[in-house]
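Enquirer: Here it is, the structure, as structure tokens.
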Amino acid sequence: MLPHNAEPGPPGLRVRVELDSDEALRLLGSVSLGRIVFTQHALPTIRPVNHVLDAGNIVIRTHDGAALTTRTRQADGPGVVVAYEADAIDPDTHLGWSVVVTGYARLVTDPREVARYQALLRPWPHRTMDHAVLIHPDLITGVRLTETVG
């Protein structure tokens with residue numbers, strides 16, 4: 001018996017299917033919202049952001065004073081380690097997909113590239129976003145949640 005406030009779940013069993021990196025990136029590029037994970041004061045921090053996929057890299061826009069802008073500006077070498085997650089999972093059927101990318105984020109410093117990303121990606125908040133952060137994926141994982149047949 002279900003608790004009084006619970007609804008029965010959707011019929012059928014769910015199967016988790018691993019995605020190859022090409023399919024995972026294709027799915028990530030099909031949505032505009034994701035979540036970036038980085039460290040701030042040695043603790044994990046998660047921010048919802050919109051993104052664009054450009055030549056296999058994830059690009060987001062940031063503003064002066066944003067923690068990620070500061071972290072990437074201070075980074076040496078390839079950048080700061082981040083994780084990026086995007087998904088499309090139906091809340092009723094629990095079917096869909098999820099992709100997680102781990103890689104290095106760096107602040108884009110070439111003014112022409114920043115201008116190009118400003119044209120490609122319109123931030124959702126009504127705020128000046130003068131910076132672009134590029135995430136180069138090193139590890140790409142993804143799963144599709146499907147319903148078993150029969």
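Naming works like this for the structure tokens: A, B, ... for the chains as they're shown, residue 1 at the start of each chain, ligands 1 onward in shown order.
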Which polymer residues have any atom within 6 Å of an atom of range 137-143 of chain A, counting only C-alpha atoms, with same-chain residues fewer than 6 positions away left out, as a list in words?
Expert: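 Counting only the stated atoms, we get Val17, Glu18, Leu19, Ser21, Ala24, Trp97, Ser98, Val99, Val100, Val101, Thr102 and Gly103 of chain A.
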Enquirer: Please produce, as a Markdown table, a per-residue contact table for range 65-109 of chain A versus range 38-48 of chain A (criterion: any atom at most 10 Å away, only C-alpha atoms considered), showing the nearest atom pair and its distance in Å to one decimal, sorted by chain then residue number.
Expert:
| residue | atom | partner | partner_atom | distance |
| --- | --- | --- | --- | --- |
| A:Ala67 | CA | A:Gln40 | CA | 7.2 |
| A:Leu68 | CA | A:Phe38 | CA | 7.6 |
| A:Thr70 | CA | A:Gln40 | CA | 9.9 |
| A:Arg71 | CA | A:Gln40 | CA | 8.0 |
| A:Val80 | CA | A:Phe38 | CA | 7.9 |
| A:Val81 | CA | A:Phe38 | CA | 6.9 |
| A:Val82 | CA | A:Phe38 | CA | 4.9 |
| A:Ala83 | CA | A:Phe38 | CA | 6.8 |
| A:Tyr84 | CA | A:Phe38 | CA | 8.9 |
| A:Glu85 | CA | A:Pro48 | CA | 9.4 |
| A:Ala86 | CA | A:Pro48 | CA | 9.6 |
| A:Ala105 | CA | A:Phe38 | CA | 9.3 |
Enquirer: In Å, with one decimal, what is the gap from CA of Val52 in chain A to CA of Arg116 in chain A?
Expert: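 Atom-to-atom, CA of Val52 in chain A to CA of Arg116 in chain A, that is 11.6 Å.
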Enquirer: With a distance cut-off of 10 Å and only C-alpha atoms, select the neighbouring residues of Val31 in chain A, excluding the residue or stretch itself and same-chain residues fewer than 4 positions from it, and output the selection as number ranges by chain.
Expert: A: 26-27, 50-53, 86-88
Enquirer: Give me every alpha helix (DSSP H) residue in chain A, going by DSSP on the backbone, as number ranges by chain.
Expert: A: 21-29, 67-74, 111-120
Enquirer: Would you save the residues from that selection as a PDB file, in the first residue's frame, using C-alpha atoms?
Expert:
ATOM      1  CA  SER A  21      30.683  10.248 -25.782  1.00  0.00           C
ATOM      2  CA  ASP A  22      29.469  11.381 -29.220  1.00  0.00           C
ATOM      3  CA  GLU A  23      25.822  10.668 -28.372  1.00  0.00           C
ATOM      4  CA  ALA A  24      26.247  12.243 -24.927  1.00  0.00           C
ATOM      5  CA  LEU A  25      27.628  15.477 -26.425  1.00  0.00           C
ATOM      6  CA  ARG A  26      24.889  15.508 -29.079  1.00  0.00           C
ATOM      7  CA  LEU A  27      22.245  15.308 -26.347  1.00  0.00           C
ATOM      8  CA  LEU A  28      23.996  17.965 -24.247  1.00  0.00           C
ATOM      9  CA  GLY A  29      23.986  20.249 -27.280  1.00  0.00           C
ATOM     10  CA  ALA A  67      33.028  33.154  -8.438  1.00  0.00           C
ATOM     11  CA  LEU A  68      33.689  31.169 -11.614  1.00  0.00           C
ATOM     12  CA  THR A  69      35.066  34.232 -13.406  1.00  0.00           C
ATOM     13  CA  THR A  70      37.465  34.821 -10.508  1.00  0.00           C
ATOM     14  CA  ARG A  71      38.500  31.147 -10.309  1.00  0.00           C
ATOM     15  CA  THR A  72      39.175  30.832 -14.037  1.00  0.00           C
ATOM     16  CA  ARG A  73      41.005  34.174 -14.151  1.00  0.00           C
ATOM     17  CA  GLN A  74      43.376  32.954 -11.417  1.00  0.00           C
ATOM     18  CA  PRO A 111      38.210  39.769 -27.551  1.00  0.00           C
ATOM     19  CA  ARG A 112      37.087  38.366 -30.930  1.00  0.00           C
ATOM     20  CA  GLU A 113      36.190  35.019 -29.355  1.00  0.00           C
ATOM     21  CA  VAL A 114      34.361  36.728 -26.476  1.00  0.00           C
ATOM     22  CA  ALA A 115      32.373  38.766 -29.016  1.00  0.00           C
ATOM     23  CA  ARG A 116      31.568  35.616 -30.984  1.00  0.00           C
ATOM     24  CA  TYR A 117      30.287  33.852 -27.853  1.00  0.00           C
ATOM     25  CA  GLN A 118      28.279  36.931 -26.898  1.00  0.00           C
ATOM     26  CA  ALA A 119      26.532  36.651 -30.273  1.00  0.00           C
ATOM     27  CA  LEU A 120      25.987  32.877 -29.920  1.00  0.00           C
TER      28      LEU A 120
END
Enquirer: What does the distance from CA of Leu95 in chain A to CA of Thr148 in chain A come to in Å, to one decimal?
Expert: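 Distance between the two atoms: 10.9 Å.
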Enquirer: Running DSSP on the backbone, which parts of chain A land in strand (DSSP E), as a ChimeraX atom specification?
Expert: /A:14-18,33-40,43-50,52-54,57-62,80-89,96-107,131-147
Enquirer: Interatomic distance between CA of Ile58 in chain A and CA of Val133 in chain A?
Expert: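 CA of Val133 in chain A lies at a distance of 8.3 Å from CA of Ile58 in chain A.
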Enquirer: Taking 6 positions as the minimum chain separation for residues in the same chain, which residues sit within 9 Å of Thr128 in chain A when counting only C-alpha atoms? Answer as a count of residues only.
Expert: 3
